[in-house]
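Visitor: Contents of work-v1.cif (mmCIF, C-alpha atoms) are given next:
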```
data_start
loop_
_atom_site.label_atom_id
_atom_site.label_comp_id
_atom_site.auth_asym_id
_atom_site.auth_seq_id
_atom_site.Cartn_x
_atom_site.Cartn_y
_atom_site.Cartn_z
CA MET A 37 -17.59 -6.66 16.86
CA ILE A 38 -15.49 -9.51 15.59
CA ARG A 39 -13.32 -9.91 12.51
CA LYS A 40 -13.56 -13.53 11.46
CA ASN A 41 -11.49 -16.08 9.57
CA VAL A 42 -12.69 -16.07 5.95
CA LEU A 43 -11.50 -19.66 5.52
CA GLN A 44 -13.77 -20.83 8.32
CA ASP A 45 -16.80 -18.57 8.12
CA GLU A 46 -18.82 -18.90 4.94
CA ARG A 47 -21.27 -16.20 5.94
CA ALA A 48 -18.50 -13.66 6.51
CA ALA A 49 -17.05 -14.54 3.11
CA ALA A 50 -20.42 -14.24 1.38
CA ARG A 51 -21.20 -10.92 3.04
CA TYR A 52 -17.79 -9.57 2.07
CA VAL A 53 -18.34 -10.48 -1.58
CA GLU A 54 -21.78 -8.90 -1.46
CA GLY A 55 -20.49 -5.69 0.10
CA VAL A 56 -17.58 -5.34 -2.31
CA LEU A 57 -19.83 -5.83 -5.33
CA ALA A 58 -22.06 -3.06 -4.01
CA LEU A 59 -19.21 -0.59 -3.40
CA LYS A 60 -17.87 -1.33 -6.86
CA ASP A 61 -21.14 -0.28 -8.46
CA PRO A 62 -20.87 3.37 -9.63
CA GLU A 63 -24.63 3.63 -9.77
CA ARG A 64 -25.11 2.76 -6.13
CA PHE A 65 -21.86 4.11 -4.66
CA PRO A 66 -20.37 6.67 -7.06
CA TRP A 67 -17.08 8.52 -6.68
CA PRO A 68 -18.07 11.67 -8.58
CA ALA A 69 -14.44 12.60 -9.27
CA ALA A 70 -14.63 10.94 -12.68
CA ALA A 71 -17.41 9.37 -14.66
CA GLY A 72 -18.00 5.72 -14.02
CA LEU A 73 -15.90 5.45 -10.87
CA SER A 74 -17.16 4.05 -7.59
CA ILE A 75 -16.29 4.35 -3.94
CA TYR A 76 -14.35 1.10 -4.31
CA ASP A 77 -12.16 2.77 -6.93
CA PHE A 78 -11.40 5.67 -4.60
CA PHE A 79 -9.63 3.32 -2.22
CA VAL A 80 -7.47 2.07 -5.10
CA PHE A 81 -6.51 5.66 -5.82
CA TRP A 82 -5.83 6.48 -2.17
CA HIS A 83 -3.44 3.56 -1.79
CA ALA A 84 -1.58 4.27 -5.03
CA ARG A 85 -1.32 7.98 -4.22
CA SER A 86 0.11 7.21 -0.80
CA MET A 87 2.80 5.16 -2.49
CA MET A 88 3.61 8.04 -4.83
CA THR A 89 4.11 10.34 -1.83
CA LEU A 90 7.70 9.88 -0.76
CA THR A 91 8.31 10.95 2.82
CA PRO A 92 10.40 13.02 2.59
CA PRO A 93 10.61 13.65 -1.16
CA THR A 94 14.41 13.83 -0.96
CA GLN A 95 14.68 10.04 -0.77
CA SER A 96 13.01 7.20 -2.66
CA ASP A 97 12.59 4.49 -0.05
CA ARG A 98 9.93 5.40 2.50
CA ASN A 99 6.53 6.64 1.35
CA ALA A 100 3.47 7.83 3.24
CA ALA A 101 2.18 4.32 3.87
CA HIS A 102 4.98 1.85 3.14
CA SER A 103 8.59 1.13 4.00
CA GLY A 104 8.22 3.10 7.21
CA PRO A 105 6.63 2.98 10.66
CA ALA A 106 3.22 4.15 9.41
CA PHE A 107 2.84 1.00 7.34
CA LEU A 108 0.81 -0.77 10.01
CA PRO A 109 -1.31 2.11 11.39
CA TRP A 110 -1.97 3.55 7.91
CA HIS A 111 -3.35 0.25 6.64
CA ARG A 112 -5.34 -0.20 9.87
CA TYR A 113 -6.85 3.22 9.14
CA MET A 114 -7.55 2.41 5.50
CA LEU A 115 -9.26 -0.84 6.44
CA LEU A 116 -11.38 0.91 9.06
CA ARG A 117 -12.66 3.37 6.49
CA PHE A 118 -13.28 0.66 3.90
CA GLU A 119 -15.04 -1.42 6.53
CA GLU A 120 -17.23 1.57 7.34
CA TYR A 121 -18.39 1.80 3.73
CA LEU A 122 -19.01 -1.95 3.63
CA ARG A 123 -21.27 -1.64 6.66
CA SER A 124 -23.20 1.05 4.84
CA ALA A 125 -23.46 -1.03 1.68
CA LEU A 126 -24.62 -4.06 3.63
CA GLN A 127 -26.79 -2.00 5.97
CA ASP A 128 -25.24 -4.00 8.77
CA ASP A 129 -23.69 -2.06 11.65
CA ASP A 130 -22.13 -5.23 13.00
CA PHE A 131 -20.25 -6.22 9.86
CA ARG A 132 -16.49 -6.42 10.18
CA LEU A 133 -13.88 -7.38 7.57
CA PRO A 134 -12.84 -11.02 7.57
CA TYR A 135 -9.18 -11.94 7.43
CA TRP A 136 -7.30 -14.41 5.26
CA ASP A 137 -4.97 -16.57 7.31
CA TRP A 138 -2.59 -17.20 4.44
CA ALA A 139 -0.27 -19.22 6.69
CA ALA A 140 -3.06 -21.80 6.94
CA ASP A 141 -3.29 -22.03 3.16
CA ALA A 142 0.50 -22.30 2.98
CA GLU A 143 0.17 -25.68 4.70
CA ARG A 144 -1.89 -27.04 1.82
CA THR A 145 -0.24 -29.27 -0.76
CA ASP A 146 -1.44 -26.78 -3.35
CA PRO A 147 -2.48 -23.43 -1.88
CA VAL A 148 -4.06 -22.46 -5.20
CA GLN A 149 -6.77 -25.01 -4.41
CA SER A 150 -7.87 -23.11 -1.31
CA PRO A 151 -11.64 -22.56 -1.24
CA LEU A 152 -10.86 -18.86 -0.96
CA TRP A 153 -10.37 -18.76 -4.73
CA SER A 154 -13.59 -20.54 -5.65
CA SER A 155 -16.07 -18.84 -7.94
CA GLU A 156 -18.38 -18.24 -4.98
CA ARG A 157 -15.68 -16.42 -3.02
CA LEU A 158 -12.82 -14.36 -4.41
CA GLY A 159 -12.94 -16.10 -7.77
CA ARG A 160 -16.18 -14.20 -8.19
CA PHE A 161 -14.23 -11.02 -8.86
CA LEU A 162 -12.64 -12.39 -12.02
CA GLN A 163 -15.95 -11.99 -13.82
CA SER A 164 -16.45 -9.22 -16.32
CA ASP A 165 -18.82 -7.28 -14.06
CA PHE A 166 -15.94 -6.45 -11.72
CA PRO A 167 -13.74 -4.35 -14.01
CA VAL A 168 -10.48 -2.74 -13.03
CA ARG A 169 -11.07 0.97 -13.66
CA ILE A 170 -7.86 2.50 -12.31
CA GLY A 171 -4.77 0.99 -13.85
CA MET A 172 -1.13 1.96 -13.98
CA ASN A 173 1.05 2.36 -17.03
CA ALA A 174 4.72 1.51 -17.20
CA ALA A 175 5.67 5.06 -16.31
CA GLY A 176 3.89 4.74 -12.98
CA THR A 177 1.01 7.01 -13.94
CA LEU A 178 -2.57 6.13 -13.04
CA VAL A 179 -4.65 5.55 -16.15
CA ARG A 180 -8.27 4.73 -16.82
CA ALA A 181 -8.76 1.05 -17.41
CA ASP A 182 -11.63 -1.20 -18.34
CA ARG A 183 -10.51 -4.77 -18.11
CA ALA A 184 -10.91 -7.86 -16.00
CA LEU A 185 -9.02 -8.29 -12.74
CA ARG A 186 -5.73 -10.15 -13.12
CA ARG A 187 -4.28 -12.82 -10.84
CA SER A 188 -1.46 -15.29 -11.22
CA LEU A 189 -1.76 -17.42 -8.09
CA GLY A 190 1.51 -19.06 -7.21
CA GLY A 191 3.26 -17.66 -10.24
CA ALA A 192 6.05 -16.26 -8.09
CA GLY A 193 7.05 -16.24 -4.46
CA ALA A 194 5.46 -18.34 -1.74
CA LEU A 195 2.88 -17.95 0.98
CA PRO A 196 4.62 -17.50 4.33
CA ARG A 197 4.28 -20.32 6.83
CA ARG A 198 3.11 -20.19 10.43
CA SER A 199 6.68 -20.63 11.65
CA ASP A 200 7.67 -17.52 9.68
CA VAL A 201 4.95 -15.49 11.38
CA LEU A 202 5.86 -16.81 14.83
CA ALA A 203 9.48 -15.88 14.20
CA ALA A 204 8.45 -12.32 13.35
CA LEU A 205 6.55 -12.08 16.61
CA GLN A 206 9.82 -12.64 18.46
CA GLU A 207 10.95 -9.16 17.43
CA SER A 208 10.65 -7.06 20.57
CA SER A 209 10.99 -3.58 19.04
CA TYR A 210 8.40 -2.06 16.74
CA ASP A 211 10.82 -0.25 14.46
CA SER A 212 14.19 1.49 14.52
CA ALA A 213 16.33 4.07 12.75
CA GLU A 214 16.51 4.72 9.84
CA PHE A 215 12.81 3.80 9.88
CA ASN A 216 12.88 2.60 6.29
CA SER A 217 13.10 -0.67 4.36
CA ASP A 218 16.46 -1.48 5.96
CA ALA A 219 15.47 -0.89 9.57
CA PRO A 220 15.50 -3.78 12.05
CA GLY A 221 12.26 -4.34 13.93
CA PHE A 222 8.87 -6.00 13.85
CA ARG A 223 7.25 -3.60 11.38
CA ASN A 224 9.87 -4.24 8.74
CA VAL A 225 9.86 -8.02 9.22
CA LEU A 226 6.08 -8.08 8.92
CA GLU A 227 6.09 -5.73 5.95
CA GLY A 228 8.57 -8.09 4.36
CA TRP A 229 11.67 -6.06 3.57
CA ILE A 230 13.83 -8.02 6.00
CA GLY A 231 13.65 -11.57 7.27
CA PRO A 232 13.66 -14.85 5.35
CA ALA A 233 9.97 -15.01 4.41
CA ASN A 234 9.22 -11.46 3.16
CA LEU A 235 5.89 -11.84 4.95
CA HIS A 236 3.44 -9.19 3.68
CA ASN A 237 5.30 -8.51 0.46
CA SER A 238 5.50 -12.18 -0.44
CA VAL A 239 1.71 -12.56 -0.33
CA HIS A 240 1.30 -9.74 -2.84
CA VAL A 241 3.86 -11.40 -5.11
CA TRP A 242 2.33 -14.89 -4.74
CA ILE A 243 -1.10 -13.63 -5.82
CA GLY A 244 0.43 -11.64 -8.67
CA GLY A 245 -1.53 -9.80 -11.34
CA ASP A 246 -3.08 -6.65 -9.97
CA MET A 247 -1.93 -7.45 -6.43
CA GLN A 248 1.68 -6.81 -7.43
CA LEU A 249 1.03 -3.19 -8.45
CA ALA A 250 0.70 0.01 -6.43
CA THR A 251 -2.99 -0.24 -7.36
CA SER A 252 -3.21 -3.56 -5.50
CA PRO A 253 -6.55 -2.74 -3.78
CA ASN A 254 -8.11 -3.40 -7.18
CA ASP A 255 -8.12 -7.01 -5.99
CA PRO A 256 -10.52 -7.46 -3.06
CA VAL A 257 -8.14 -9.98 -1.54
CA PHE A 258 -6.03 -6.93 -0.62
CA TYR A 259 -8.34 -6.20 2.32
CA LEU A 260 -8.43 -9.80 3.55
CA HIS A 261 -4.64 -9.96 3.35
CA HIS A 262 -4.13 -6.71 5.21
CA CYS A 263 -6.71 -7.70 7.77
CA ASN A 264 -4.49 -10.66 8.57
CA VAL A 265 -1.43 -8.42 8.67
CA ASP A 266 -3.34 -6.25 11.13
CA ARG A 267 -4.24 -9.33 13.18
CA ILE A 268 -0.57 -10.23 13.40
CA TRP A 269 0.23 -6.69 14.56
CA SER A 270 -2.50 -7.04 17.18
CA ALA A 271 -0.90 -10.27 18.41
CA TRP A 272 2.48 -8.55 18.55
CA GLN A 273 1.00 -5.69 20.58
CA ALA A 274 -0.45 -8.19 23.04
CA ARG A 275 2.88 -9.99 23.31
CA TRP A 276 4.99 -6.86 23.76
CA PRO A 277 2.76 -4.41 25.65
CA GLN A 278 5.75 -2.42 26.87
CA SER A 279 7.17 -1.86 23.39
CA PRO A 280 6.08 1.58 22.22
CA TYR A 281 5.20 2.76 18.76
CA VAL A 282 8.17 4.62 17.32
CA PRO A 283 9.18 7.16 16.21
CA PRO A 284 7.78 9.36 18.97
CA ALA A 285 6.04 12.67 18.35
CA ASP A 286 9.23 14.70 18.81
CA ALA A 287 11.32 12.74 16.32
CA PRO A 288 13.01 14.69 13.49
CA GLU A 289 10.88 16.33 10.84
CA GLU A 290 12.22 14.04 8.14
CA LEU A 291 10.02 11.34 9.71
CA ALA A 292 6.82 13.34 9.14
CA PHE A 293 3.78 11.19 8.28
CA HIS A 294 5.21 8.38 10.42
CA ARG A 295 5.56 9.80 13.94
CA LEU A 296 3.22 8.93 16.79
CA ARG A 297 1.07 12.03 16.50
CA ASP A 298 1.42 12.82 12.79
CA ALA A 299 -1.67 12.87 10.64
CA LEU A 300 -1.77 9.75 8.53
CA TYR A 301 -1.96 10.36 4.79
CA THR A 302 -5.62 10.85 3.95
CA PHE A 303 -8.10 12.48 1.60
CA PHE A 304 -10.82 12.44 4.23
CA ASP A 305 -11.52 15.64 6.13
CA GLU A 306 -10.18 14.38 9.42
CA THR A 307 -6.94 13.90 11.30
CA VAL A 308 -6.11 10.37 12.39
CA THR A 309 -2.73 9.57 13.89
CA PRO A 310 -0.91 6.33 14.67
CA GLU A 311 -1.61 7.06 18.33
CA ASP A 312 -5.35 7.00 17.63
CA LEU A 313 -5.10 3.50 16.22
CA LEU A 314 -2.88 1.65 18.66
CA GLN A 315 -5.81 0.04 20.48
CA HIS A 316 -7.60 -1.95 17.82
CA ASP A 317 -10.21 -3.19 20.30
CA ARG A 318 -11.76 0.26 20.23
CA PHE A 319 -13.05 -0.74 16.80
CA TYR A 320 -13.07 -4.54 16.55
CA SER A 321 -11.55 -7.72 17.90
CA TYR A 322 -10.33 -10.88 16.20
CA ASP A 323 -12.03 -14.22 16.62
CA SER A 324 -8.72 -15.83 17.44
CA LEU A 325 -5.07 -15.03 18.00
CA ALA A 326 -4.36 -18.55 19.24
CA ASP A 327 -2.28 -19.45 16.20
CA LEU A 328 -0.06 -16.46 16.95
CA ALA A 329 0.62 -17.24 20.62
CA MET B 109 19.27 11.52 4.64
CA ALA B 110 19.66 15.25 4.57
CA VAL B 111 16.51 17.22 5.03
CA GLY B 112 16.04 20.86 5.90
CA LYS B 113 14.29 21.82 9.09
CA LYS B 114 10.79 23.10 8.90
CA LYS B 115 8.09 24.10 11.29
CA ARG B 116 6.26 21.17 12.83
CA ARG B 117 2.72 20.73 11.72
CA LYS B 118 0.16 21.08 14.46
CA VAL B 119 -2.29 18.22 14.53
CA ARG B 120 -5.82 19.45 14.98
CA PRO B 121 -8.84 17.17 14.95
CA ARG B 122 -11.20 17.96 12.13
CA PRO B 123 -14.70 16.61 11.90
CA ALA B 124 -15.55 13.99 9.33
CA ARG B 125 -18.16 15.07 6.82
CA ALA B 126 -21.09 12.96 5.93
CA GLN B 127 -22.28 12.10 2.43
CA GLY B 128 -25.79 10.92 1.94
CA GLY B 129 -26.28 11.18 5.66
CA ASN B 130 -23.92 8.35 6.54
CA LEU B 131 -20.99 8.21 4.16
CA ARG B 132 -17.83 10.25 4.43
CA ALA B 133 -17.25 12.73 1.62
CA LEU B 134 -14.80 11.65 -1.06
CA PRO B 135 -12.35 14.10 -2.64
CA ASP B 136 -13.23 15.90 -5.84
CA LEU B 137 -10.10 15.56 -7.94
CA ASP B 138 -8.81 14.08 -11.17
CA PRO B 139 -7.31 10.71 -10.33
CA PHE B 140 -5.91 10.42 -13.84
CA ALA B 141 -3.88 13.62 -13.83
CA VAL B 142 -0.21 12.98 -14.58
CA MET B 143 0.40 14.11 -11.01
CA PRO B 144 -2.89 13.68 -9.12
CA PRO B 145 -3.57 16.41 -6.56
CA GLN B 146 -2.53 16.02 -2.97
CA PRO B 147 -4.97 16.51 -0.09
CA ALA B 148 -5.48 20.17 0.86
CA TRP B 149 -3.78 19.74 4.23
CA VAL B 150 -0.67 18.30 2.57
CA VAL B 151 -0.59 21.20 0.13
CA ARG B 152 -0.88 23.64 3.04
CA ASP B 153 1.48 22.06 5.54
CA PHE B 154 3.94 20.17 3.34
CA PRO B 155 4.36 22.19 0.15
CA GLU B 156 7.74 20.68 -0.55
CA TYR B 157 6.06 17.25 -0.69
CA VAL B 158 3.73 18.51 -3.40
CA GLN B 159 5.98 20.23 -5.87
CA GLY B 160 8.53 17.49 -6.28
CA SER B 161 10.60 17.95 -9.37
CA HIS B 162 10.19 17.16 -13.00
CA VAL B 163 12.92 15.74 -15.11
CA SER B 164 12.83 13.79 -18.30
CA GLY B 165 13.16 10.08 -17.72
CA PRO B 166 13.66 8.07 -14.56
CA VAL B 167 16.35 9.45 -12.31
CA SER B 168 17.24 8.45 -8.79
CA THR B 169 19.54 10.05 -6.27
CA ARG B 170 21.04 8.44 -3.18
CA ARG B 171 22.78 10.36 -0.46
CA VAL B 172 24.99 8.49 1.97
CA SER B 173 26.79 10.07 4.90
CA HIS B 174 30.30 8.70 5.12
CA ALA B 175 31.83 7.99 8.49
CA GLY B 176 34.74 10.23 7.63
CA GLY B 177 32.48 13.25 7.43
CA HIS B 178 31.93 13.14 3.70
CA GLU B 179 28.56 13.11 2.06
CA ILE B 180 28.33 10.96 -1.03
CA GLU B 181 25.66 11.61 -3.62
CA ILE B 182 25.06 9.16 -6.43
CA LEU B 183 22.87 10.23 -9.34
CA THR B 184 21.69 7.44 -11.60
CA THR B 185 19.81 7.93 -14.84
CA TYR B 186 18.06 5.08 -16.61
CA SER B 187 17.19 4.86 -20.26
CA VAL B 188 15.30 1.67 -21.01
CA SER B 189 14.28 0.35 -24.38
CA ILE B 190 12.66 -2.97 -25.17
CA ASP B 191 12.91 -4.49 -28.63
CA GLY B 192 14.35 -1.22 -29.84
CA ARG B 193 11.44 0.86 -28.58
CA PRO B 194 11.79 3.41 -25.79
CA ALA B 195 10.24 2.15 -22.56
CA PRO B 196 10.37 4.82 -19.85
CA VAL B 197 9.58 2.39 -17.08
CA HIS B 198 9.02 3.79 -13.62
CA LEU B 199 12.15 3.11 -11.53
CA LEU B 200 13.32 4.13 -8.08
CA VAL B 201 16.33 3.32 -5.94
CA ASP B 202 15.78 2.52 -2.26
CA SER B 203 18.05 3.30 0.66
CA ASP B 204 19.96 0.09 0.10
CA GLY B 205 20.68 0.92 -3.53
CA ARG B 206 18.18 -1.62 -4.86
CA LEU B 207 15.64 -0.84 -7.57
CA TRP B 208 11.90 -0.89 -7.23
CA SER B 209 8.91 0.41 -9.13
CA HIS B 210 5.25 1.13 -8.62
CA LEU B 211 4.72 -1.67 -11.09
CA CYS B 212 6.20 -4.12 -8.58
CA PRO B 213 6.46 -2.21 -5.27
CA TYR B 214 6.57 -5.30 -3.07
CA VAL B 215 9.91 -6.53 -4.30
CA THR B 216 13.27 -4.94 -5.05
CA PHE B 217 15.95 -5.80 -7.58
CA ALA B 218 19.71 -5.67 -7.75
CA ASN B 219 19.66 -3.91 -11.10
CA ALA B 220 17.38 -2.54 -13.82
CA ASN B 221 17.86 -5.60 -15.99
CA GLU B 222 16.40 -7.84 -13.28
CA LEU B 223 13.48 -5.48 -12.76
CA ILE B 224 12.62 -5.29 -16.45
CA ALA B 225 12.94 -9.06 -16.77
CA HIS B 226 10.53 -9.43 -13.85
CA LEU B 227 8.02 -7.10 -15.49
CA LEU B 228 8.27 -8.93 -18.80
CA ALA B 229 7.61 -12.21 -17.01
CA HIS B 230 4.97 -11.12 -14.50
CA ALA B 231 3.45 -7.84 -15.71
CA PRO B 232 3.82 -7.77 -19.49
CA GLU B 233 0.49 -5.93 -19.75
CA ALA B 234 1.97 -2.83 -18.18
CA LEU B 235 4.67 -2.66 -20.82
CA SER B 236 2.30 -3.30 -23.68
CA GLU B 237 -0.07 -0.64 -22.32
CA LEU B 238 2.82 1.81 -22.35
CA HIS B 239 3.31 1.31 -26.08
CA ALA B 240 -0.43 1.51 -26.67
CA GLU B 241 -0.48 4.93 -25.01
CA GLY B 242 2.47 6.23 -26.93
CA GLY B 243 5.00 6.07 -24.15
CA ALA B 244 4.27 8.44 -21.31
CA SER B 245 7.28 9.70 -19.41
CA GLY B 246 7.88 8.95 -15.76
CA HIS B 247 6.31 11.24 -13.22
CA GLY B 248 8.99 13.36 -11.71
CA ARG B 249 8.00 13.47 -8.06
CA HIS B 250 10.16 10.46 -7.49
CA ALA B 251 13.23 12.15 -8.74
CA ARG B 252 15.13 14.62 -6.63
CA GLU B 253 15.93 17.77 -8.50
CA GLU B 254 19.50 18.84 -8.40
CA ALA B 255 20.13 22.17 -6.71
#
```
Kindly transcribe the structure held in the file into structure tokens.
Guide:
Amino acid sequence: MIRKNVLQDERAAARYVEGVLALKDPERFPWPAAAGLSIYDFFVFWHARSMMTLTPPTQSDRNAAHSGPAFLPWHRYMLLRFEEYLRSALQDDDFRLPYWDWAADAERTDPVQSPLWSSERLGRFLQSDFPVRIGMNAAGTLVRADRALRRSLGGAGALPRRSDVLAALQESSYDSAEFNSDAPGFRNVLEGWIGPANLHNSVHVWIGGDMQLATSPNDPVFYLHHCNVDRIWSAWQARWPQSPYVPPADAPEELAFHRLRDALYTFFDETVTPEDLLQHDRFYSYDSLADLA
Amino acid sequence: MAVGKKKRRKVRPRPARAQGGNLRALPDLDPFAVMPPQPAWVVRDFPEYVQGSHVSGPVSTRRVSHAGGHEIEILTTYSVSIDGRPAPVHLLVDSDGRLWSHLCPYVTFANANELIAHLLAHAPEALSELHAEGGASGHGRHAREEA
């Protein structure tokens, strides 16, 4: 089952839009936790709540899904679960998330003119029938919202270029002490806290609007962006097969939620660890890693 | 980073539940609580991650171990107002001493002035929504309570 390039596969793009619109519908796919919420909204909550969970709570850098080693496996896990719901919505067992190769759009004279943002693709979600229902106030508290999705393409930052991605792939170690936003290693370069291009982070900033908040999954481009981040991790794993995931299972307790065999932060009744997710081809493959070789 | 030792959590596989025959069950909780509930397994195995602390206003603490054997702790309190109106904006300090916020978690700032200027330029809605709601205070789990 193949994850495809959304810039090159119109059917994958159309199916993604169709699936997201279905999951957003509280009539068809309700999240009974609160009136009017849908399964789509649950994933917004899950992401924001992970960010509110500092690991450990005695510091304010690393959280359960960001600024630490679990950044890549946690988002791989989140995407797998979201993808599962999309398959159900589309009644298509073969459906896999497409990815957005933002480095390709960075080569455009004006990346804002990418067909990705057309009204048939992700521009579709700016319409009033795709309301943001979980917002965030200035105090960092989740609040009920009922407004249109916000974007500010190119308002700040820049899309990373292919050369920036290739440079990140030269990092031979996955992560290192202190396993936070200062730590040298591939995870932190790809996440965007170190390195000249601020890879993952810069894409959030470039899109702006809702993508710059902890509730960033409100924008469906979140999943296409993270699918590409996951693709880059896959390419790194292929390039450095001898480089292990760190920290190991017996690392100090202060690294809980991030060690090899720790349960990743979840509201589902299951235990999934980074170790369970290291081989992505158990679940899907990518149509191409050639640009990352 | 100074953290007390605690018993390691045993990882046990638990079966996924189905909803409607095919879909996994979603949690039954209030997502709009000031401090939304944690998953049951976090409450059970990591109680100190749940309770956090509650203080009035944004506070951040950094602990740095000095090479000479000293441990330095820096407590910073922020009181932000915009146009003369209190604006308890969510603020945190990372391990490098830079500021970030859930309102802009993908970028850090050298100081609070830069962060607020960024929000005014790129997320003014968040600040206006704060005033519309009467100015909720920051949620305290991001602040470390002093012993």
Visitor: Starting from chain A, keep only residues with some atom at most 6 Å from an atom of chain B, counting all atoms listed in the file, and report them as a list of chain:residue names.
Guide: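 Close to chain B, chain A has A:Ala69, A:Pro93, A:Thr94, A:Ser96, A:Asp97, A:Asn173, A:Ala174, A:Ala175, A:Gly176, A:Leu178, A:Val179, A:Asn237, A:Gln248, A:Leu249, A:Ala250, A:Phe303, A:Asp305, A:Glu306, A:Thr307.
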Visitor: Name the residues that the PyMOL selection byres ((chain A and resi 216) around 6) picks from the file above, as a PDB file with C-alpha atoms, keeping the file's coordinate frame, using the file's chain letters and numbers.
Guide:
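Saved the output as expr23.pdb:
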```
ATOM      1  CA  ARG A  98       9.930   5.400   2.500  1.00  0.00           C
ATOM      2  CA  SER A 103       8.590   1.130   4.000  1.00  0.00           C
ATOM      3  CA  GLY A 104       8.220   3.100   7.210  1.00  0.00           C
ATOM      4  CA  GLU A 214      16.510   4.720   9.840  1.00  0.00           C
ATOM      5  CA  PHE A 215      12.810   3.800   9.880  1.00  0.00           C
ATOM      6  CA  SER A 217      13.100  -0.670   4.360  1.00  0.00           C
ATOM      7  CA  ASP A 218      16.460  -1.480   5.960  1.00  0.00           C
ATOM      8  CA  ALA A 219      15.470  -0.890   9.570  1.00  0.00           C
TER       9      ALA A 219
END
```
Visitor: Tell me, as number ranges by chain, which residues lie within 9 Å of Asp255 of chain A, counting all atoms listed in the file; anything in the same chain fewer than 2 positions away does not count.
Guide: A: 158, 161, 168, 185-187, 245-247, 251-253, 257-259
Visitor: Can you tell me how far atom CA of Pro151 of chain A sits from atom CA of Pro109 of chain A, in Å to one decimal?
Guide: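 Atom CA of Pro109 of chain A lies 29.6 Å from atom CA of Pro151 of chain A.
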Visitor: Just how far from atom CA of Arg132 of chain A is atom CA of Gly221 of chain A, in Å to one decimal?
Guide: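 Atom-to-atom, atom CA of Gly221 of chain A and atom CA of Arg132 of chain A are spaced 29.1 Å apart.
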Visitor: Taking the file above as input, evaluate the PyMOL selection byres ((chain A and resi 200-204) around 7) and report the hits as a list in words.
Guide: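 Residues picked by the PyMOL selection byres ((chain A and resi 200-204) around 7): Pro196, Arg197, Arg198, Ser199, Leu205, Gln206, Glu207, Phe222, Val225, Leu226, Ala233 and Leu328 of chain A.
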Visitor: Within 10 Å of (-1.2, -6.2, 17.3) (coordinates as in the file), grab all the protein and nucleic acid residues, counting all atoms listed in the file, and write them out as an MDAnalysis selection string.
Guide: chainID A and resid 108 205 265:277 314:317 325
Visitor: On this structure, which residues satisfy the PyMOL selection byres ((chain A and resi 129) around 12), written as an NGL selection string?
Guide: (:A and (37-38 or 119-128 or 130-133 or 319-320)) or (:B and (130))
Visitor: Could you please determine the separation between atom CA of Leu313 of chain A and atom CA of His83 of chain A in Å, to one decimal place?
Guide: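 About the pair atom CA of Leu313 of chain A and atom CA of His83 of chain A: they are 18.1 Å apart.
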Visitor: Could you check which of A:Ser164, A:Ser154, A:Asn264, A:Ser86 is closest to Val239 of chain A, using all atoms listed in the file?
Guide: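 Using all atoms listed in the file, the shortest distance to Val239 of chain A belongs to A:Asn264.
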Visitor: Box along x, y and z, 8 Å on every side, all listed atoms of segment 209-223 of chain B inside: centre and edge lengths in Å to one decimal, as lines of an AutoDock Vina configuration file.
Guide:
```
center_x = 12.2
center_y = -3.4
center_z = -9.5
size_x = 31.0
size_y = 25.0
size_z = 28.9
```
Visitor: With all atoms listed in the file as the atoms that count, which of A:Arg117, A:Pro232, A:Leu189, A:Ala326 lies nearest to Gly159 of chain A?
Guide: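 The shortest atom-to-atom distance to Gly159 of chain A comes from A:Leu189.
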Visitor: In terms of the shortest atom-to-atom distance over only C-alpha atoms, which of A:Pro167, A:Gly228, A:Pro134, A:Pro283 is closest to Leu152 of chain A?
Guide: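 Residue with the minimum atom-to-atom distance to Leu152 of chain A: A:Pro134.
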Visitor: Please provide the set of residues having any atom within 8 Å of segment 66-68 of chain A, restricted to all atoms listed in the file, with same-chain residues fewer than 4 positions apart removed, written as a VMD selection string.
Guide: (chain A and resid 61 to 62 72 to 75 77 to 78) or (chain B and resid 134 136)
